[in-house]
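*Asks:* Dumping the structure here so I can ask a few things about it.
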Amino acid sequence: MNRTPPSRAVSDAGQDDIVVPFLVEPLSTRGRVVRLGPAIDAILKRHAYPAPIARIVGEAVALTVLLGSALKIEGSFQLQTKTDGVLNMLIVDFDAPSNLRALARFDAARLAQAGGAGRSGDLLGSGHLAFTIDPGGDLARYQGVIALDGQGLEEAAHQYFLRSEQIPTLVRLAVGEVLTPTGAHWRAGGLMAQFLPDSPERRRQFDLDPGDAPPGAPRDIVAEDDHWTEAKALAATTEDHELIDPTLSSERLLYRLFHERGVRVFEPGVLRDVCRCSTERIDAMLHSFSAAERADMVGDDGMIGVTCEFCSTKRIFDPADYEKA
Ligand SMILES: [Zn+2]
């Protein structure tokens, strides 16, 4: 048991764009803390989303990291919503171990009607939230789906783990803009705590490894016991401002929450605002289109311009290059 502050050499200043795994062994509780600074600021500002939309996208990115960072090196994790709310579609991709991108579609007129504000659950409305795990290689994809009905992303994540994975889980998410001498910058943070008694079965679930247990396979439900009740109560005291405070490191936050029981903090994973798109992929896509389809894409300048919806990178292709074969 570790009752001292984390001994790893870290400064008190918060480190940004990282996900930090932790273990509170006496309470059989594991989890991760995610802190997003420049990466989420770049993603949200690139799209210039109105603040209420940006907040939900930020929450979704933080949640995606909390869930997807359990993946092995090669995999990818996608969070997607399709709903009837003002924010009607949301996609976040996490390509392990570090790359993040996000995209939202929303109805600007309805947002203005709503006074430009509202609970994130209300802005999402009803529909579904899907998690897709693609482990890479020849391994099968796995998808989990939860109904969204105004409850928001935090609560949806709780329901997913309780119903689909049967792991008692607490998720906290926070997004906000902080003022610095260089202007206002978006920040996002999250904490996930899970009750995982140290048995091989529970460990498999924690790894979210779709190869080990087929979805729907019978699993023992571990009753919430006193340890989880205590861990959940401690984790639930996490304040929004603590999750986005640039001067509070993840280690100090975890120590503040769990120091009475002792918390072990592991090597952080680094997160980056990096898109999956590439000239090669779009080139291959253009080759797969018919000549007529390509002709429809030619602009006034005689070229085919393709702009990535995620990262806004614009690439120009010469239609003549596709007509030779
Ligand atoms: Zn892109």
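Residues are named by chain letter and number: chains run A, B, ... in the order of the structure tokens, numbers start at 1 in each chain, and ligands are numbered from 1 in the order shown.
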So which residues touch A:Phe22 within 7 Å, counting only C-alpha atoms, skipping near sequence neighbours fewer than 5 positions away, as JSON, numbers by chain?

*Replies:* {"A": [30, 31, 32, 263, 264, 265, 266]}

*Asks:* Enumerate, as a PyMOL selection string, the complete set of residues in stretch 40-241 of chain A that a backbone-based DSSP assignment places in helix (DSSP H, G or I).

*Replies:* chain A and resi 40-47+51-68+108-113+120-124+152-165+200-206+226-235+240-241

*Asks:* For chain A against ligand 1, with a cut-off of 7 Å and counting only C-alpha atoms and all ligand atoms, what is the closest atom pair and its distance in Å to one decimal for every residue that makes the cut, ordered by chain and number, as CSV?

*Replies:*
residue,atom,partner,partner_atom_place_in_ligand_line,distance
A:Cys275,CA,ligand 1,1 (Zn),4.5
A:Arg276,CA,ligand 1,1 (Zn),5.8
A:Cys277,CA,ligand 1,1 (Zn),4.2
A:Cys308,CA,ligand 1,1 (Zn),4.6
A:Glu309,CA,ligand 1,1 (Zn),6.5
A:Phe310,CA,ligand 1,1 (Zn),5.0
A:Cys311,CA,ligand 1,1 (Zn),4.1
A:Ser312,CA,ligand 1,1 (Zn),6.2
A:Thr313,CA,ligand 1,1 (Zn),5.8

*Asks:* With C-alpha atoms kept, could you save the residues just selected as a PDB file, in the first residue's frame?

*Replies:*
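Below is the file part-v8.pdb, written as the result:
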ATOM      1  CA  CYS A 275      -6.329  12.441 -38.026  1.00  0.00           C
ATOM      2  CA  ARG A 276      -6.508   9.101 -39.803  1.00  0.00           C
ATOM      3  CA  CYS A 277      -6.893  10.613 -43.273  1.00  0.00           C
ATOM      4  CA  CYS A 308     -11.428  15.907 -44.594  1.00  0.00           C
ATOM      5  CA  GLU A 309     -14.474  16.469 -42.389  1.00  0.00           C
ATOM      6  CA  PHE A 310     -12.504  15.629 -39.271  1.00  0.00           C
ATOM      7  CA  CYS A 311      -9.310  17.659 -39.625  1.00  0.00           C
ATOM      8  CA  SER A 312     -10.284  20.085 -42.429  1.00  0.00           C
ATOM      9  CA  THR A 313      -7.191  19.184 -44.479  1.00  0.00           C
TER      10      THR A 313
END

*Asks:* Within 12 Å of stretch 60-80 of chain A, which residues of stretch 223-324 of chain A come that close, and what is the closest atom pair and distance in Å for each? Count only C-alpha atoms and give it as JSON lines.

*Replies:*
{"residue": "A:Leu243", "atom": "CA", "partner": "A:Ala62", "partner_atom": "CA", "distance": 10.5}
{"residue": "A:Ile244", "atom": "CA", "partner": "A:Ala62", "partner_atom": "CA", "distance": 11.1}
{"residue": "A:Pro268", "atom": "CA", "partner": "A:Ser69", "partner_atom": "CA", "distance": 10.4}
{"residue": "A:Gly269", "atom": "CA", "partner": "A:Ser69", "partner_atom": "CA", "distance": 8.0}
{"residue": "A:Val270", "atom": "CA", "partner": "A:Ser69", "partner_atom": "CA", "distance": 10.1}
{"residue": "A:Leu271", "atom": "CA", "partner": "A:Val65", "partner_atom": "CA", "distance": 8.6}
{"residue": "A:Arg272", "atom": "CA", "partner": "A:Val65", "partner_atom": "CA", "distance": 10.9}
{"residue": "A:Asp273", "atom": "CA", "partner": "A:Val61", "partner_atom": "CA", "distance": 10.8}
{"residue": "A:Arg276", "atom": "CA", "partner": "A:Ser76", "partner_atom": "CA", "distance": 10.6}

*Asks:* May I have the residues within 8 Å of stretch 176-188 of chain A as a VMD selection string, using only C-alpha atoms and disregarding those fewer than 4 positions away in the same chain?

*Replies:* chain A and resid 35 to 38 40 to 41 44 55 58 to 59 62 243 to 244

*Asks:* Within stretch 57-259 of chain A, find each residue whose DSSP state, derived from the backbone, is strand (DSSP E or B), and express the selection as number ranges by chain.

*Replies:* A: 76-83, 87-95, 99-106, 126-134, 142-149, 169-180, 183-195

*Asks:* Find, counting only C-alpha atoms, the residue in A:Ala114, A:Val306, A:Val24, A:Leu124 that gets nearest to A:Ser278.

*Replies:*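 Nearest to A:Ser278: A:Val306.
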
*Asks:* With distances taken over only C-alpha atoms, which residue among A:Pro168, A:Pro246, A:Gly302, A:Pro319 lies nearest A:Trp228?

*Replies:*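 Looking only at the distances to A:Trp228, the closest residue turns out to be A:Pro168.
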
*Asks:* Here is a test: counting only C-alpha atoms, which residue of A:Leu139, A:Leu286, A:Ile43, A:Ile53 is nearest to A:Phe106?

*Replies:* A:Ile53

*Asks:* Could you check which of A:Pro197, A:Gly189, A:Gly85, A:Gly125 is closest to A:Ser28, using only C-alpha atoms?

*Replies:*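 The shortest atom-to-atom distance to A:Ser28 comes from A:Pro197.
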
*Asks:* Enter the distance from atom CA of A:Thr81 to atom CA of A:His47, in Å, rounded to one decimal.

*Replies:*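 Separating atom CA of A:Thr81 from atom CA of A:His47 is a distance of 17.8 Å.
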
*Asks:* Which value, in Å to one decimal, gives the distance between atom CA of A:Glu242 and atom CA of A:Ala42?

*Replies:*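 A separation of 21.1 Å between them.
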
*Asks:* Could you pull the residues within 12 Å of A:Ala193, counting only C-alpha atoms, minus those fewer than 4 positions along the same chain, as a CSV table (one decimal) with N, CA and C atoms, in the first residue's frame?

*Replies:*
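Result file selection.csv:
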chain,number,residue,atom,x,y,z
A,20,VAL,N,-3.9,8.6,-17.6
A,20,VAL,CA,-3.1,8.0,-16.5
A,20,VAL,C,-3.8,6.9,-15.9
A,21,PRO,N,-3.3,5.7,-16.0
A,21,PRO,CA,-4.0,4.6,-15.3
A,21,PRO,C,-3.7,4.6,-13.8
A,22,PHE,N,-4.6,4.1,-13.0
A,22,PHE,CA,-4.4,4.0,-11.5
A,22,PHE,C,-5.0,2.8,-10.9
A,23,LEU,N,-4.5,2.5,-9.7
A,23,LEU,CA,-5.1,1.3,-9.0
A,23,LEU,C,-5.2,1.6,-7.6
A,24,VAL,N,-6.4,1.4,-7.0
A,24,VAL,CA,-6.6,1.5,-5.5
A,24,VAL,C,-6.8,0.1,-5.1
A,27,LEU,N,-9.2,-1.3,-2.4
A,27,LEU,CA,-10.6,-1.2,-2.7
A,27,LEU,C,-11.0,-2.0,-4.1
A,28,SER,N,-10.0,-2.7,-4.6
A,28,SER,CA,-10.2,-3.5,-5.8
A,28,SER,C,-10.7,-2.6,-6.9
A,29,THR,N,-10.2,-1.4,-7.0
A,29,THR,CA,-10.7,-0.4,-7.9
A,29,THR,C,-9.6,0.1,-8.8
A,30,ARG,N,-9.8,0.0,-10.1
A,30,ARG,CA,-8.9,0.5,-11.1
A,30,ARG,C,-9.5,1.6,-11.9
A,31,GLY,N,-8.7,2.4,-12.6
A,31,GLY,CA,-9.3,3.4,-13.4
A,31,GLY,C,-8.3,4.2,-14.2
A,32,ARG,N,-8.8,5.2,-14.8
A,32,ARG,CA,-7.9,6.1,-15.6
A,32,ARG,C,-8.4,7.5,-15.4
A,33,VAL,N,-7.4,8.4,-15.5
A,33,VAL,CA,-7.7,9.9,-15.5
A,33,VAL,C,-7.2,10.4,-16.9
A,34,VAL,N,-8.1,11.2,-17.6
A,34,VAL,CA,-7.6,11.8,-18.8
A,34,VAL,C,-7.6,13.3,-18.6
A,66,LEU,N,-11.1,7.4,-22.2
A,66,LEU,CA,-11.2,6.6,-21.0
A,66,LEU,C,-11.5,5.1,-21.4
A,67,LEU,N,-12.4,5.0,-22.4
A,67,LEU,CA,-12.7,3.6,-22.8
A,67,LEU,C,-11.7,3.0,-23.8
A,157,ALA,N,-22.6,6.0,-20.1
A,157,ALA,CA,-21.4,5.1,-19.8
A,157,ALA,C,-21.6,4.2,-18.6
A,158,HIS,N,-22.3,4.7,-17.6
A,158,HIS,CA,-22.6,3.9,-16.4
A,158,HIS,C,-23.5,2.8,-16.8
A,161,PHE,N,-21.7,-0.1,-18.8
A,161,PHE,CA,-20.9,-1.0,-18.0
A,161,PHE,C,-21.7,-1.9,-17.1
A,167,ILE,N,-19.8,-4.4,-15.0
A,167,ILE,CA,-18.7,-3.9,-14.2
A,167,ILE,C,-19.2,-2.6,-13.5
A,168,PRO,N,-19.3,-2.6,-12.2
A,168,PRO,CA,-19.6,-1.3,-11.5
A,168,PRO,C,-18.6,-0.3,-11.9
A,169,THR,N,-19.1,0.8,-12.4
A,169,THR,CA,-18.3,1.9,-13.0
A,169,THR,C,-18.8,3.2,-12.6
A,170,LEU,N,-17.9,4.1,-12.3
A,170,LEU,CA,-18.2,5.5,-12.2
A,170,LEU,C,-17.4,6.4,-13.2
A,171,VAL,N,-18.1,7.2,-13.9
A,171,VAL,CA,-17.4,8.1,-14.9
A,171,VAL,C,-17.7,9.5,-14.6
A,172,ARG,N,-16.7,10.3,-14.5
A,172,ARG,CA,-16.9,11.8,-14.4
A,172,ARG,C,-16.3,12.5,-15.6
A,173,LEU,N,-17.0,13.4,-16.2
A,173,LEU,CA,-16.4,14.2,-17.4
A,173,LEU,C,-16.6,15.6,-17.1
A,206,PHE,N,-11.9,-6.0,-18.0
A,206,PHE,CA,-11.2,-4.7,-17.9
A,206,PHE,C,-10.5,-4.4,-19.2
A,228,TRP,N,-16.5,-1.2,-3.0
A,228,TRP,CA,-16.9,-0.3,-4.2
A,228,TRP,C,-17.7,0.9,-3.7
A,229,THR,N,-18.5,0.7,-2.7
A,229,THR,CA,-19.3,1.8,-2.2
A,229,THR,C,-18.3,2.9,-1.7
A,230,GLU,N,-17.2,2.5,-1.1
A,230,GLU,CA,-16.3,3.5,-0.6
A,230,GLU,C,-15.5,4.2,-1.8
A,231,ALA,N,-15.1,3.3,-2.7
A,231,ALA,CA,-14.3,3.8,-3.9
A,231,ALA,C,-15.2,4.8,-4.7
A,232,LYS,N,-16.5,4.4,-4.9
A,232,LYS,CA,-17.4,5.2,-5.7
A,232,LYS,C,-17.6,6.6,-5.0
A,233,ALA,N,-17.8,6.5,-3.7
A,233,ALA,CA,-18.0,7.7,-3.0
A,233,ALA,C,-16.8,8.7,-3.1
A,234,LEU,N,-15.6,8.1,-3.0
A,234,LEU,CA,-14.4,9.0,-3.1
A,234,LEU,C,-14.3,9.5,-4.5
A,235,ALA,N,-14.5,8.7,-5.5
A,235,ALA,CA,-14.3,9.1,-6.9
A,235,ALA,C,-15.4,10.2,-7.3
A,236,ALA,N,-16.6,10.0,-6.7
A,236,ALA,CA,-17.6,10.9,-7.0
A,236,ALA,C,-17.4,12.3,-6.5
A,238,THR,N,-14.9,14.0,-7.1
A,238,THR,CA,-14.1,14.8,-8.2
A,238,THR,C,-15.0,15.9,-8.7
A,254,LEU,N,-5.4,12.3,-8.1
A,254,LEU,CA,-5.7,11.0,-7.6
A,254,LEU,C,-5.3,10.8,-6.1
A,257,LEU,N,-7.9,12.3,-4.0
A,257,LEU,CA,-9.1,11.4,-3.9
A,257,LEU,C,-8.9,10.2,-3.0
A,258,PHE,N,-7.8,9.5,-3.2
A,258,PHE,CA,-7.7,8.2,-2.7
A,258,PHE,C,-6.5,8.0,-1.6

*Asks:* Find the residues near stretch 144-154 of chain A: any atom within 6 Å, counting only C-alpha atoms, skip ones fewer than 5 places away on the same chain, and give them as a ChimeraX atom specification.

*Replies:* /A:120-122,125-131,171

*Asks:* Could you take the residues named above and write them with N, CA, C and O atoms, as a short mmCIF file (atom, residue, chain, number, x, y, z; two decimals), in the first residue's frame?

*Replies:*
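The resulting part_26.cif:
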data_model
loop_
_atom_site.label_atom_id
_atom_site.label_comp_id
_atom_site.auth_asym_id
_atom_site.auth_seq_id
_atom_site.Cartn_x
_atom_site.Cartn_y
_atom_site.Cartn_z
N SER A 120 -26.36 18.77 -21.62
CA SER A 120 -25.84 18.02 -22.75
C SER A 120 -26.80 16.89 -23.13
O SER A 120 -26.99 16.60 -24.31
N GLY A 121 -27.45 16.29 -22.13
CA GLY A 121 -28.41 15.23 -22.43
C GLY A 121 -29.56 15.73 -23.28
O GLY A 121 -30.04 15.04 -24.18
N ASP A 122 -30.03 16.95 -23.00
CA ASP A 122 -31.13 17.52 -23.78
C ASP A 122 -30.69 17.84 -25.20
O ASP A 122 -31.45 17.68 -26.15
N GLY A 125 -30.56 14.53 -27.05
CA GLY A 125 -31.90 13.97 -27.28
C GLY A 125 -31.90 12.46 -27.22
O GLY A 125 -31.12 11.85 -26.50
N SER A 126 -32.80 11.86 -28.02
CA SER A 126 -32.99 10.41 -27.99
C SER A 126 -32.41 9.76 -29.23
O SER A 126 -32.45 10.33 -30.32
N GLY A 127 -31.94 8.54 -29.03
CA GLY A 127 -31.35 7.79 -30.13
C GLY A 127 -30.44 6.74 -29.56
O GLY A 127 -30.81 6.07 -28.59
N HIS A 128 -29.24 6.61 -30.12
CA HIS A 128 -28.33 5.63 -29.52
C HIS A 128 -26.89 6.09 -29.55
O HIS A 128 -26.51 6.99 -30.31
N LEU A 129 -26.14 5.45 -28.68
CA LEU A 129 -24.69 5.66 -28.58
C LEU A 129 -24.06 4.30 -28.84
O LEU A 129 -24.45 3.31 -28.22
N ALA A 130 -23.13 4.25 -29.78
CA ALA A 130 -22.46 2.98 -30.09
C ALA A 130 -20.97 3.11 -29.85
O ALA A 130 -20.36 4.13 -30.17
N PHE A 131 -20.39 2.06 -29.24
CA PHE A 131 -18.93 1.93 -29.13
C PHE A 131 -18.51 0.83 -30.08
O PHE A 131 -19.07 -0.27 -30.01
N VAL A 171 -18.09 7.22 -13.91
CA VAL A 171 -17.41 8.07 -14.88
C VAL A 171 -17.74 9.53 -14.55
O VAL A 171 -18.89 9.87 -14.29
#

*Asks:* If you count only C-alpha atoms, which residues fall within 6 Å of A:Met89, apart from same-chain ones fewer than 4 positions away, as a PDB file with all heavy atoms, in the first residue's frame?

*Replies:*
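Printed below is result12.pdb as written:
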ATOM      1  N   THR A  81     -22.677   8.732 -31.882  1.00  0.00           N
ATOM      2  CA  THR A  81     -24.077   8.903 -31.483  1.00  0.00           C
ATOM      3  C   THR A  81     -24.901   9.231 -32.714  1.00  0.00           C
ATOM      4  O   THR A  81     -24.415   9.889 -33.651  1.00  0.00           O
ATOM      5  CB  THR A  81     -24.272  10.053 -30.475  1.00  0.00           C
ATOM      6  OG1 THR A  81     -23.944  11.296 -31.108  1.00  0.00           O
ATOM      7  CG2 THR A  81     -23.410   9.880 -29.235  1.00  0.00           C
ATOM      8  N   LYS A  82     -26.138   8.750 -32.706  1.00  0.00           N
ATOM      9  CA  LYS A  82     -27.137   9.173 -33.697  1.00  0.00           C
ATOM     10  C   LYS A  82     -28.412   9.438 -32.919  1.00  0.00           C
ATOM     11  O   LYS A  82     -28.971   8.530 -32.319  1.00  0.00           O
ATOM     12  CB  LYS A  82     -27.375   8.071 -34.735  1.00  0.00           C
ATOM     13  CG  LYS A  82     -26.295   7.999 -35.800  1.00  0.00           C
ATOM     14  CD  LYS A  82     -26.874   7.543 -37.145  1.00  0.00           C
ATOM     15  CE  LYS A  82     -25.824   7.614 -38.243  1.00  0.00           C
ATOM     16  NZ  LYS A  82     -25.185   6.327 -38.496  1.00  0.00           N
ATOM     17  N   ALA A 104     -18.783  16.569 -35.200  1.00  0.00           N
ATOM     18  CA  ALA A 104     -20.178  16.643 -34.744  1.00  0.00           C
ATOM     19  C   ALA A 104     -21.031  17.286 -35.823  1.00  0.00           C
ATOM     20  O   ALA A 104     -20.548  18.142 -36.568  1.00  0.00           O
ATOM     21  CB  ALA A 104     -20.270  17.460 -33.460  1.00  0.00           C
ATOM     22  N   ARG A 105     -22.279  16.860 -35.909  1.00  0.00           N
ATOM     23  CA  ARG A 105     -23.249  17.548 -36.770  1.00  0.00           C
ATOM     24  C   ARG A 105     -24.371  18.061 -35.883  1.00  0.00           C
ATOM     25  O   ARG A 105     -24.868  17.327 -35.032  1.00  0.00           O
ATOM     26  CB  ARG A 105     -23.832  16.569 -37.800  1.00  0.00           C
ATOM     27  CG  ARG A 105     -22.805  16.035 -38.745  1.00  0.00           C
ATOM     28  CD  ARG A 105     -23.215  16.245 -40.205  1.00  0.00           C
ATOM     29  NE  ARG A 105     -22.098  15.912 -41.074  1.00  0.00           N
ATOM     30  CZ  ARG A 105     -21.876  14.686 -41.550  1.00  0.00           C
ATOM     31  NH1 ARG A 105     -22.731  13.717 -41.275  1.00  0.00           N
ATOM     32  NH2 ARG A 105     -20.839  14.446 -42.305  1.00  0.00           N
TER      33      ARG A 105
END

*Asks:* Rank nothing, just name the residue among A:Val92, A:Ile18, A:Leu123, A:Ala109 nearest to A:Pro52, using only C-alpha atoms.

*Replies:*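 So, comparing all the options, the nearest one is A:Leu123.
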
*Asks:* For a quick check of understanding, using only C-alpha atoms, which of A:Ala156, A:Met192, A:Ala39, A:Val175 has the smallest distance to A:Asp16?

*Replies:*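 Closest to A:Asp16, using only C-alpha atoms: A:Ala39.
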
*Asks:* Using atom CA of A:Val86 and atom CA of A:Arg110 as the two end points, give the distance in Å to one decimal.

*Replies:*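 Those two atoms sit 6.0 Å apart.
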